[in-house]
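This is final.cif (mmCIF, C-alpha atoms).
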```cif
data_my_file
loop_
_atom_site.label_atom_id
_atom_site.label_comp_id
_atom_site.auth_asym_id
_atom_site.auth_seq_id
_atom_site.Cartn_x
_atom_site.Cartn_y
_atom_site.Cartn_z
CA MET H 1 17.24 26.29 6.51
CA LEU H 2 13.64 26.91 5.43
CA LYS H 3 12.97 28.33 2.03
CA LEU H 4 9.74 30.14 1.20
CA ILE H 5 8.04 28.75 -1.89
CA GLY H 6 5.36 31.07 -3.22
CA ARG H 7 2.89 32.08 -0.52
CA SER H 8 1.47 28.75 0.45
CA HIS H 9 4.19 26.73 2.11
CA TYR H 10 7.78 26.34 3.18
CA VAL H 11 10.26 23.71 2.11
CA GLY H 12 12.87 22.56 4.58
CA ALA H 13 15.83 20.19 4.87
CA PRO H 14 15.21 16.80 6.53
CA LYS H 15 18.55 16.94 8.37
CA SER H 16 17.66 20.16 10.24
CA ARG H 17 16.86 20.45 13.95
CA TYR H 18 13.52 22.00 12.97
CA PHE H 19 12.65 18.85 11.02
CA SER H 20 13.45 16.74 14.08
CA GLU H 21 11.23 18.90 16.29
CA LEU H 22 8.30 18.55 13.89
CA VAL H 23 8.84 14.81 13.47
CA ILE H 24 8.86 14.16 17.21
CA LYS H 25 5.77 16.31 17.74
CA ASP H 26 3.89 14.69 14.85
CA LEU H 27 4.95 11.15 15.79
CA ASN H 28 3.88 11.50 19.41
CA ASN H 29 0.57 13.02 18.39
CA SER H 30 -0.06 10.28 15.82
CA PHE H 31 0.80 7.59 18.38
CA GLN H 32 -1.67 9.02 20.88
CA LYS H 33 -4.51 9.55 18.41
CA SER H 34 -4.18 6.46 16.20
CA THR H 35 -6.13 3.52 17.60
CA LEU H 36 -4.06 0.75 16.08
CA PRO H 37 -4.53 -2.72 17.61
CA LEU H 38 -0.81 -3.51 17.27
CA GLU H 39 2.08 -4.15 19.62
CA GLU H 40 3.84 -0.89 20.42
CA ASP H 41 7.01 -1.59 18.42
CA ILE H 42 5.05 -2.53 15.29
CA LYS H 43 2.77 0.48 15.75
CA PHE H 44 5.75 2.86 15.83
CA SER H 45 7.34 1.17 12.80
CA LEU H 46 4.13 1.74 10.84
CA LEU H 47 3.54 5.31 12.02
CA PHE H 48 6.92 6.44 10.69
CA GLN H 49 5.43 5.99 7.23
CA SER H 50 2.45 8.20 8.10
CA VAL H 51 4.73 10.87 9.54
CA LEU H 52 6.74 10.76 6.31
CA GLY H 53 3.58 11.49 4.33
CA HIS H 54 2.79 14.40 6.64
CA ALA H 55 6.34 15.74 6.22
CA GLN H 56 6.40 15.47 2.44
CA ASN H 57 3.01 17.12 2.00
CA GLY H 58 2.86 19.59 4.89
CA HIS H 59 -0.01 17.79 6.61
CA HIS H 60 -1.02 17.30 10.24
CA LEU H 61 1.48 19.10 12.54
CA PHE H 62 3.96 20.08 9.84
CA LYS H 63 2.97 23.74 9.95
CA LYS H 64 4.57 27.12 10.55
CA ASN H 65 2.44 30.21 11.09
CA ASN H 66 -0.57 28.08 10.06
CA LYS H 67 1.01 27.35 6.69
CA PRO H 68 2.21 23.93 5.54
CA VAL H 69 5.89 23.10 5.97
CA ARG H 70 6.98 20.53 3.40
CA PHE H 71 10.03 18.28 3.28
CA PRO H 72 9.54 16.71 -0.19
CA ASN H 73 12.96 15.00 -0.25
CA ALA H 74 12.53 13.25 3.12
CA MET H 75 12.57 9.44 3.33
CA ILE H 76 11.39 7.06 6.05
CA SER H 77 14.92 6.58 7.35
CA ASP H 78 15.18 10.38 7.76
CA VAL H 79 12.05 10.35 9.90
CA ILE H 80 13.32 7.49 12.08
CA GLU H 81 16.68 9.18 12.54
CA ALA H 82 15.02 12.53 13.31
CA ALA H 83 12.97 10.83 16.02
CA GLY H 84 16.23 9.75 17.67
CA LEU H 85 15.67 6.05 17.06
CA ASP H 86 17.84 3.29 15.59
CA VAL H 87 17.20 3.11 11.83
CA ARG H 88 18.76 -0.35 11.53
CA LYS H 89 16.62 -1.74 14.34
CA ILE H 90 13.40 -0.44 12.74
CA LYS H 91 14.43 -1.77 9.33
CA ASP H 92 15.16 -5.18 10.85
CA LEU H 93 11.76 -5.22 12.59
CA ARG H 94 9.94 -4.43 9.35
CA GLN H 95 12.05 -6.99 7.46
CA GLY H 96 11.08 -9.58 10.06
CA LEU H 97 7.37 -8.92 9.58
CA ILE H 98 7.78 -9.56 5.85
CA GLU H 99 9.83 -12.70 6.37
CA ASP H 100 7.08 -14.04 8.66
CA VAL H 101 4.60 -13.63 5.81
CA PHE H 102 6.88 -15.47 3.37
CA GLU H 103 7.38 -18.29 5.88
CA CYS H 104 3.65 -18.59 6.49
CA VAL H 105 2.84 -18.56 2.77
CA ASP H 106 5.41 -21.30 2.18
CA LYS H 107 3.72 -23.46 4.82
CA ILE H 108 0.29 -22.78 3.32
CA LYS H 109 1.54 -23.70 -0.16
CA LEU H 110 2.85 -27.00 1.21
CA GLY H 111 -0.40 -27.76 3.00
CA LYS H 112 1.27 -27.57 6.42
CA THR H 113 -1.05 -24.94 7.89
CA ASP H 114 -4.23 -22.96 7.32
CA ARG H 115 -3.41 -20.48 10.09
CA LEU H 116 -1.95 -16.98 9.77
CA VAL H 117 0.31 -17.21 12.80
CA ILE H 118 4.11 -17.61 12.98
CA ARG H 119 5.84 -18.35 16.29
CA GLY H 120 2.77 -17.29 18.23
CA ARG H 121 2.35 -13.92 16.51
CA PRO H 122 -0.34 -13.18 13.91
CA LEU H 123 0.96 -11.94 10.57
CA LEU H 124 1.90 -8.26 10.60
CA GLY H 125 0.79 -8.13 14.23
CA ILE H 126 -2.87 -7.93 13.16
CA GLU H 127 -4.64 -9.51 16.12
CA TYR H 128 -7.78 -10.45 14.17
CA LEU H 129 -5.70 -12.88 12.12
CA ARG H 130 -4.68 -14.88 15.19
CA ASN H 131 -7.81 -17.05 15.24
CA VAL H 132 -8.54 -17.15 11.51
CA ARG H 133 -8.39 -20.32 9.44
CA VAL H 134 -8.16 -19.77 5.71
CA VAL H 135 -8.91 -21.87 2.66
CA PRO H 136 -5.33 -22.10 1.31
CA GLU H 137 -6.18 -21.92 -2.40
CA TYR H 138 -8.17 -18.72 -2.06
CA PHE H 139 -5.85 -17.05 0.43
CA LEU H 140 -3.00 -17.59 -2.04
CA LYS H 141 -5.12 -16.18 -4.86
CA GLY H 142 -5.54 -13.00 -2.81
CA ILE H 143 -1.77 -12.88 -2.26
CA VAL H 144 -1.20 -13.00 -6.03
CA TYR H 145 -3.82 -10.38 -6.92
CA ALA H 146 -2.52 -7.88 -4.36
CA GLY H 147 1.09 -8.47 -5.35
CA LEU H 148 0.54 -7.89 -9.06
CA MET H 149 -2.17 -5.23 -8.90
CA ASP H 150 0.38 -2.38 -8.79
CA ASN H 151 2.66 -3.87 -11.44
CA LYS H 152 2.93 -1.61 -14.50
CA PHE H 153 2.99 -4.56 -16.91
CA TRP H 154 -0.31 -5.92 -15.59
CA ARG H 155 -1.93 -2.50 -15.42
CA GLU H 156 -1.01 -1.84 -19.05
CA ARG H 157 -2.41 -5.23 -20.08
CA THR H 158 -5.62 -4.46 -18.21
CA GLU H 159 -5.98 -1.07 -19.87
CA ASN H 160 -5.44 -2.61 -23.31
CA ARG H 161 -7.84 -5.49 -22.69
CA PHE H 162 -10.81 -3.51 -21.38
CA SER H 163 -10.15 -0.06 -22.92
CA THR H 164 -13.34 1.52 -21.46
CA THR H 165 -14.75 1.96 -17.96
CA ILE H 166 -18.06 0.57 -16.73
CA ASN H 167 -19.51 3.93 -17.81
CA ASN H 168 -18.07 3.55 -21.32
CA GLN H 169 -15.42 6.21 -20.87
CA PRO H 170 -11.77 5.67 -21.92
CA LEU H 171 -10.00 3.61 -19.27
CA VAL H 172 -6.78 5.15 -17.99
CA ILE H 173 -4.79 3.51 -15.19
CA GLY H 174 -1.74 5.29 -13.84
CA ARG H 175 1.30 3.12 -13.30
CA GLY H 176 4.91 3.09 -12.21
CA GLU H 177 7.55 1.00 -10.51
CA SER H 178 9.56 0.77 -7.29
CA ARG H 179 13.32 1.09 -7.68
CA LEU H 180 16.22 1.14 -5.25
CA VAL H 181 18.44 4.20 -5.26
CA TYR H 182 21.33 5.78 -3.41
CA LYS H 183 19.81 8.88 -1.87
CA ASP H 184 22.94 11.06 -1.98
CA LYS H 185 23.44 10.39 -5.69
CA LEU H 186 19.72 10.93 -6.32
CA MET H 187 19.78 14.33 -4.60
CA ASP H 188 22.93 15.34 -6.48
CA TRP H 189 21.01 14.61 -9.68
CA ASN H 190 17.88 16.52 -8.62
CA ASN H 191 17.31 18.04 -5.16
CA PHE H 192 13.56 17.53 -5.54
CA ALA H 193 13.89 14.12 -7.16
CA LEU H 194 11.37 12.25 -4.99
CA GLU H 195 8.55 14.63 -5.90
CA TYR H 196 9.65 14.76 -9.53
CA LEU H 197 9.88 10.99 -9.95
CA SER H 198 6.50 10.33 -8.35
CA THR H 199 4.52 12.99 -10.22
CA GLU H 200 6.05 13.30 -13.71
CA GLU H 201 6.11 10.61 -16.39
CA ILE H 202 9.58 9.10 -16.24
CA THR H 203 10.80 8.04 -19.67
CA ASP H 204 13.31 5.34 -20.58
CA GLU H 205 15.75 8.13 -21.50
CA ILE H 206 15.50 9.61 -17.99
CA LEU H 207 16.06 6.16 -16.48
CA GLU H 208 19.15 5.72 -18.65
CA SER H 209 20.57 9.07 -17.54
CA MET H 210 20.00 8.11 -13.90
CA ALA H 211 21.67 4.75 -14.43
CA VAL H 212 24.74 6.41 -15.95
CA LYS H 213 25.09 8.51 -12.80
CA GLY H 214 25.08 5.39 -10.64
CA ILE H 215 21.82 6.28 -8.89
CA PHE H 216 20.24 2.83 -8.99
CA ALA H 217 21.17 0.13 -6.49
CA ALA H 218 21.08 -3.66 -6.59
CA ASP H 219 18.78 -5.85 -4.50
CA GLU H 220 19.51 -6.21 -0.79
CA ASP H 221 21.97 -3.32 -0.60
CA PRO H 222 21.44 -2.04 2.97
CA GLU H 223 22.44 1.48 1.91
CA ALA H 224 19.69 1.66 -0.74
CA GLU H 225 16.33 3.39 -0.38
CA SER H 226 13.11 2.55 -2.20
CA VAL H 227 11.51 5.21 -4.41
CA TYR H 228 8.50 5.27 -6.71
CA LEU H 229 8.94 6.16 -10.38
CA ARG H 230 5.78 7.15 -12.21
CA ARG H 231 5.77 5.82 -15.78
CA LYS H 232 2.26 6.91 -16.79
CA LYS H 233 0.07 9.60 -15.26
CA GLY H 234 -3.39 8.73 -14.10
CA GLN H 235 -5.19 7.35 -11.10
CA GLY H 236 -4.12 3.96 -9.86
CA THR H 237 -6.08 1.28 -8.02
CA SER H 238 -7.98 1.25 -4.74
CA ASP H 239 -6.81 -1.21 -2.11
CA ASP H 240 -10.23 -1.02 -0.43
CA ALA H 241 -12.00 -1.88 -3.67
CA SER H 242 -9.48 -4.60 -4.54
CA PHE H 243 -10.06 -6.56 -1.33
CA ILE H 244 -13.83 -6.50 -1.74
CA ILE H 245 -13.71 -7.37 -5.45
CA THR H 246 -11.19 -10.15 -4.71
CA GLY H 247 -13.68 -11.64 -2.27
CA GLU H 248 -16.58 -11.16 -4.66
CA MET H 249 -14.76 -12.94 -7.50
CA HIS H 250 -14.77 -16.11 -5.37
CA ARG H 251 -18.11 -15.72 -3.64
CA LYS H 252 -19.60 -18.60 -5.63
CA HIS H 253 -17.16 -20.94 -3.88
CA GLY H 254 -18.56 -20.06 -0.48
CA LEU H 255 -18.06 -17.45 2.21
CA GLU H 256 -14.88 -19.04 3.59
CA ALA H 257 -13.25 -18.91 0.15
CA SER H 258 -14.38 -15.31 -0.32
CA VAL H 259 -13.03 -14.17 3.05
CA SER H 260 -9.77 -16.10 2.55
CA ALA H 261 -9.11 -14.35 -0.76
CA PHE H 262 -9.90 -10.98 0.86
CA LEU H 263 -7.41 -11.66 3.66
CA GLY H 264 -4.70 -12.72 1.21
CA GLY H 265 -5.03 -9.29 -0.37
CA LEU H 266 -4.91 -7.55 3.01
CA VAL H 267 -1.76 -9.39 4.07
CA ASN H 268 0.19 -8.72 0.88
CA ASP H 269 -0.90 -5.09 0.95
CA GLY H 270 0.79 -4.94 4.35
CA VAL H 271 3.94 -6.42 2.84
CA ASP H 272 3.83 -3.66 0.22
CA THR H 273 3.72 -1.09 3.02
CA TYR H 274 6.49 -2.39 5.26
CA ASP H 275 8.92 -3.13 2.41
CA LYS H 276 9.44 0.58 1.77
CA CYS H 277 12.01 0.62 4.58
CA VAL H 278 13.72 -2.68 5.35
CA SER H 279 17.24 -4.01 5.95
CA ARG H 280 17.32 -6.00 2.69
CA PRO H 281 15.27 -4.00 0.15
CA ILE H 282 14.57 -5.32 -3.34
CA ASN H 283 13.61 -3.73 -6.63
CA GLY H 284 9.91 -4.11 -7.39
CA GLY H 285 9.05 -4.83 -3.77
CA TYR H 286 8.46 -7.95 -1.71
CA ASP H 287 4.74 -7.99 -2.50
CA GLU H 288 5.49 -8.62 -6.18
CA ARG H 289 8.17 -11.19 -5.36
CA LEU H 290 5.76 -13.08 -3.10
CA ALA H 291 3.07 -13.10 -5.79
CA GLU H 292 5.53 -14.27 -8.43
CA GLU H 293 6.84 -17.07 -6.20
CA VAL H 294 3.30 -18.31 -5.57
CA ARG H 295 2.55 -18.29 -9.31
CA GLU H 296 5.82 -20.07 -10.06
CA ASN H 297 5.05 -22.82 -7.54
CA LEU H 298 1.35 -23.03 -8.44
CA PRO H 299 1.12 -22.03 -12.12
CA ASN H 300 -2.55 -23.01 -12.46
CA LEU H 301 -3.72 -21.12 -9.37
CA VAL H 302 -4.49 -17.76 -11.01
CA THR H 303 -5.11 -16.97 -14.68
CA ASP H 304 -3.92 -13.85 -16.46
CA GLU H 305 -7.56 -12.94 -17.02
CA GLU H 306 -8.29 -13.03 -13.30
CA ILE H 307 -5.45 -10.62 -12.54
CA GLU H 308 -6.65 -8.21 -15.23
CA THR H 309 -10.25 -8.47 -14.03
CA LEU H 310 -9.27 -7.62 -10.47
CA ILE H 311 -7.22 -4.61 -11.62
CA TYR H 312 -10.07 -3.43 -13.84
CA TYR H 313 -12.65 -3.37 -11.07
CA ALA H 314 -10.18 -1.97 -8.53
CA ALA H 315 -9.12 0.94 -10.76
CA LYS H 316 -9.98 4.17 -8.95
CA ALA H 317 -11.34 5.90 -12.04
CA ASN H 318 -13.41 2.98 -13.35
CA GLY H 319 -16.72 4.78 -12.94
CA PRO H 320 -17.17 7.26 -10.08
CA LYS H 321 -13.86 7.45 -8.22
CA VAL H 322 -13.25 5.41 -5.08
CA PRO H 323 -10.46 6.14 -2.56
CA SER H 324 -7.63 3.90 -1.48
CA SER H 325 -6.77 3.55 2.20
CA SER H 326 -3.21 3.15 3.38
CA HIS H 327 -2.43 -0.02 5.33
CA LYS H 328 -2.44 2.09 8.49
CA ARG H 329 -5.93 3.42 7.77
CA LEU H 330 -7.16 -0.07 6.91
CA ILE H 331 -6.16 -1.58 10.23
CA GLN H 332 -6.89 1.51 12.35
CA VAL H 333 -10.11 1.52 14.40
CA THR H 334 -12.58 3.92 12.76
CA ASP H 335 -13.93 6.91 14.66
CA TYR H 336 -17.62 7.37 15.40
CA SER H 337 -18.72 4.13 13.76
CA SER H 338 -20.86 1.41 15.26
CA PRO H 339 -19.24 -0.95 15.86
CA GLN H 340 -15.87 0.74 16.31
CA GLN H 341 -13.52 -1.54 14.44
CA PRO H 342 -10.82 -1.36 11.75
CA THR H 343 -11.82 -0.38 8.22
CA TYR H 344 -10.93 -3.79 6.78
CA LEU H 345 -13.48 -5.42 9.14
CA HIS H 346 -16.13 -3.00 7.91
CA HIS H 347 -15.24 -4.10 4.37
CA LEU H 348 -15.50 -7.76 5.38
CA LYS H 349 -18.93 -7.10 6.86
CA PHE H 350 -20.02 -5.52 3.59
CA LEU H 351 -18.61 -8.41 1.58
CA GLU H 352 -20.47 -10.93 3.73
CA THR H 353 -23.80 -9.12 4.29
CA ARG H 354 -23.97 -6.04 2.01
CA ARG H 355 -24.66 -4.02 5.16
CA PHE H 356 -22.38 -1.29 6.46
CA SER H 357 -21.88 1.24 9.24
CA THR H 358 -21.47 4.98 8.87
CA PHE H 359 -17.83 6.08 8.85
CA LYS H 360 -15.23 7.81 6.65
CA ILE H 361 -12.89 6.03 4.24
CA GLY H 362 -9.39 6.97 3.12
CA PHE H 363 -7.51 10.26 3.25
CA GLU H 364 -10.37 11.79 1.27
CA GLU H 365 -12.76 10.76 4.06
CA MET H 366 -15.41 9.55 1.63
CA SER H 367 -18.64 8.57 3.36
CA SER H 368 -19.13 4.81 3.65
CA LYS H 369 -22.51 5.11 1.93
CA THR H 370 -20.99 6.75 -1.14
CA PHE H 371 -18.12 4.30 -1.20
CA TYR H 372 -20.23 1.14 -0.90
CA ASP H 373 -22.79 2.44 -3.39
CA ARG H 374 -19.96 2.83 -5.91
CA ILE H 375 -18.53 -0.58 -5.07
CA ASN H 376 -21.99 -2.11 -5.49
CA ARG H 377 -22.13 -0.69 -9.01
CA ARG H 378 -18.81 -2.36 -9.85
CA ILE H 379 -19.98 -5.65 -8.38
CA GLU H 380 -23.20 -5.48 -10.39
CA HIS H 381 -21.22 -4.84 -13.58
CA TYR H 382 -18.89 -7.74 -12.79
CA CYS H 383 -21.83 -10.10 -12.19
CA GLU H 384 -23.68 -8.90 -15.31
CA HIS H 385 -20.68 -9.50 -17.56
CA ALA H 386 -19.30 -12.60 -15.81
CA VAL H 387 -15.82 -11.32 -16.60
CA GLY H 388 -12.85 -13.61 -16.05
#
```

Kindly transcribe the structure held in the file into structure tokens.
Amino acid sequence: MLKLIGRSHYVGAPKSRYFSELVIKDLNNSFQKSTLPLEEDIKFSLLFQSVLGHAQNGHHLFKKNNKPVRFPNAMISDVIEAAGLDVRKIKDLRQGLIEDVFECVDKIKLGKTDRLVIRGRPLLGIEYLRNVRVVPEYFLKGIVYAGLMDNKFWRERTENRFSTTINNQPLVIGRGESRLVYKDKLMDWNNFALEYLSTEEITDEILESMAVKGIFAADEDPEAESVYLRRKKGQGTSDDASFIITGEMHRKHGLEASVSAFLGGLVNDGVDTYDKCVSRPINGGYDERLAEEVRENLPNLVTDEEIETLIYYAAKANGPKVPSSSHKRLIQVTDYSSPQQPTYLHHLKFLETRRFSTFKIGFEEMSSKTFYDRINRRIEHYCEHAVG
């Protein structure tokens, strides 16, 4: 049943037939129009996440009478089910992609490989990675940076350490945490809980009241769903900026080291994407667990100062704002650019040569010139201050 909210949009129930119709239409359209160099099953498993974003925000084909139709309490499993597909099968596929990354990282840590391929398939199905050889030390550094960049503890430490932006304005970095919940109990507590938890500052008192109601789930509970709880308002970090800055921080060690660190960030960012809907979910996410395992095994690999430096220069609001691309946008072939290639390869080209093509970046569709000009300013500040 659709409910009119104000004059701008409708809100509907994700279990309705109307929701299923919109999901199928949006999914098919996204599949046809998204140039993703992935195997078909991986492509579908990734696009469910994009369709979820469209559903929650009333974007793309989620419209009625030219007005947005929003399903703010929908989850990825709702989208998969609405498309008539096997939720468990999709969760297992995504879990497998993550486990491949963990297996590969273990081999790299032990010095058994410098390749990003497991059982003949490149990590996360990204074909470019098939023929890449990485410098293990720097690839693992990138894994750690990307895994801890979103962690609220490290963001708070970064904010306290630097306090001001490169333009000498107060530094504010939004932060939160991923928690596992039982959806039915969550919706009984607040029917618009997903939107509320992700936009409002969630206090310890609110967390305690949720815990009392049995909303939170333990690791690896197959019935649990992952949600984001905002703990401090503010803009977060840019994945695009983080990969480039990660590479720049190790540029003095050579181009191979720089690119390896960049790719470590890209791979763990993918883990952070796929772990939002898996068969064995964990609190905090697999990207953080992977980073923590690497640090535990190699305690001298990355310093606290390096992590804070990366977060500082990746913060969206550190100077003129920069966007953050989703994993899907990063690996999707860009439109109207020369050459036509995924966004992350454009970023690699910039890292290596400081040259770039003309294309749009992120949901905001920022021009590449504006984006790289702003990244250049951050790089200049980093080099001037020799931070970390």

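The residue that comes closest to Phe350 (chain H), out of H:Ala261, H:Ala241, H:Ala217, H:Leu229 and on the basis of only C-alpha atoms, is H:Ala241.
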
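Between Ile126 (chain H) and the candidates H:Lys109, H:Arg377, H:Lys316, H:Lys328, the tightest atom-to-atom separation, counting only C-alpha atoms, involves H:Lys328.
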
Using all atoms listed in the file, which of H:Glu205, H:Glu220, H:Glu21, H:Glu308 sits nearest Glu81 (chain H)? H:Glu21

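The environment of Arg175 (chain H) within 8 Å, counting only C-alpha atoms and disregarding residues fewer than 4 places along the same chain, consists of Asp150, Asn151, Lys152, Arg155, Glu156, Arg230, Arg231, Lys232, Lys233, Gly234 and Gly236 of chain H.
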
Once you have the residues from the selection above, write them out as a compact mmCIF listing (two decimals), keeping the file's coordinate frame, restricted to C-alpha atoms.
```
# COMPACT_ATOMS: atom_id res chain seq x y z
CA ASP H 150 0.38 -2.38 -8.79
CA ASN H 151 2.66 -3.87 -11.44
CA LYS H 152 2.93 -1.61 -14.50
CA ARG H 155 -1.93 -2.50 -15.42
CA GLU H 156 -1.01 -1.84 -19.05
CA ARG H 230 5.78 7.15 -12.21
CA ARG H 231 5.77 5.82 -15.78
CA LYS H 232 2.26 6.91 -16.79
CA LYS H 233 0.07 9.60 -15.26
CA GLY H 234 -3.39 8.73 -14.10
CA GLY H 236 -4.12 3.96 -9.86
```

Apply the PyMOL selection byres ((chain H and resi 348) around 9) to the structure shown and report the selected residues as a PDB file with C-alpha atoms, in the coordinates of the input.
```pdb
ATOM      1  CA  PHE H 243     -10.060  -6.560  -1.330  1.00  0.00           C
ATOM      2  CA  ILE H 244     -13.830  -6.500  -1.740  1.00  0.00           C
ATOM      3  CA  GLY H 247     -13.680 -11.640  -2.270  1.00  0.00           C
ATOM      4  CA  VAL H 259     -13.030 -14.170   3.050  1.00  0.00           C
ATOM      5  CA  PHE H 262      -9.900 -10.980   0.860  1.00  0.00           C
ATOM      6  CA  THR H 343     -11.820  -0.380   8.220  1.00  0.00           C
ATOM      7  CA  TYR H 344     -10.930  -3.790   6.780  1.00  0.00           C
ATOM      8  CA  LEU H 345     -13.480  -5.420   9.140  1.00  0.00           C
ATOM      9  CA  HIS H 346     -16.130  -3.000   7.910  1.00  0.00           C
ATOM     10  CA  HIS H 347     -15.240  -4.100   4.370  1.00  0.00           C
ATOM     11  CA  LYS H 349     -18.930  -7.100   6.860  1.00  0.00           C
ATOM     12  CA  PHE H 350     -20.020  -5.520   3.590  1.00  0.00           C
ATOM     13  CA  LEU H 351     -18.610  -8.410   1.580  1.00  0.00           C
ATOM     14  CA  GLU H 352     -20.470 -10.930   3.730  1.00  0.00           C
ATOM     15  CA  THR H 353     -23.800  -9.120   4.290  1.00  0.00           C
TER      16      THR H 353
END
```

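Between Ala82 (chain H) and the residues H:Lys107, H:Lys252, H:His327, H:Lys25, the shortest atom-to-atom distance, using all atoms listed in the file, involves H:Lys25.
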
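Run against this file, the PyMOL selection byres ((chain H and resi 263-265) around 9) gives back Leu129, Val134, Tyr138, Phe139, Leu140, Lys141, Gly142, Ile143, Val144, Tyr145, Ala146, Gly147, Asp239, Ser242, Phe243, Thr246, Gly247, Ser258, Val259, Ser260, Ala261, Phe262, Leu266, Val267, Asn268, Asp269 and Gly270 of chain H.
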
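With only C-alpha atoms as the atoms that count, the minimum distance from Gln332 (chain H) to the choices H:Lys213, H:Lys33, H:Arg121, H:Lys64 is reached by H:Lys33.
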
Would you translate the PyMOL selection byres ((chain H and resi 42) around 9) into the concrete set of residues it matches in this file, as number ranges by chain? H: 38-41, 43-47, 90, 93-94, 97, 124-125

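Candidate residues H:Ile173, H:Trp154, H:Thr35, H:Ile76 were compared for distance to Lys276 (chain H), and the nearest is H:Ile76, using only C-alpha atoms.
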
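Near Gly84 (chain H), within a cut-off of 9 Å and counting only C-alpha atoms, sit the residues Ser20, Ile24 and Val79 of chain H, with same-chain residues fewer than 5 positions away left out.
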
Tell me which residues come within 12 Å of (9.8, -4.7, -3.4), as a PyMOL selection string, counting all atoms listed in the file in the file's coordinates. chain H and resi 95+98+147-148+150-151+177-180+218-220+225-228+268-292

Interatomic distance between CA of Ser367 (chain H) and CA of Lys63 (chain H)? 27.2 Å
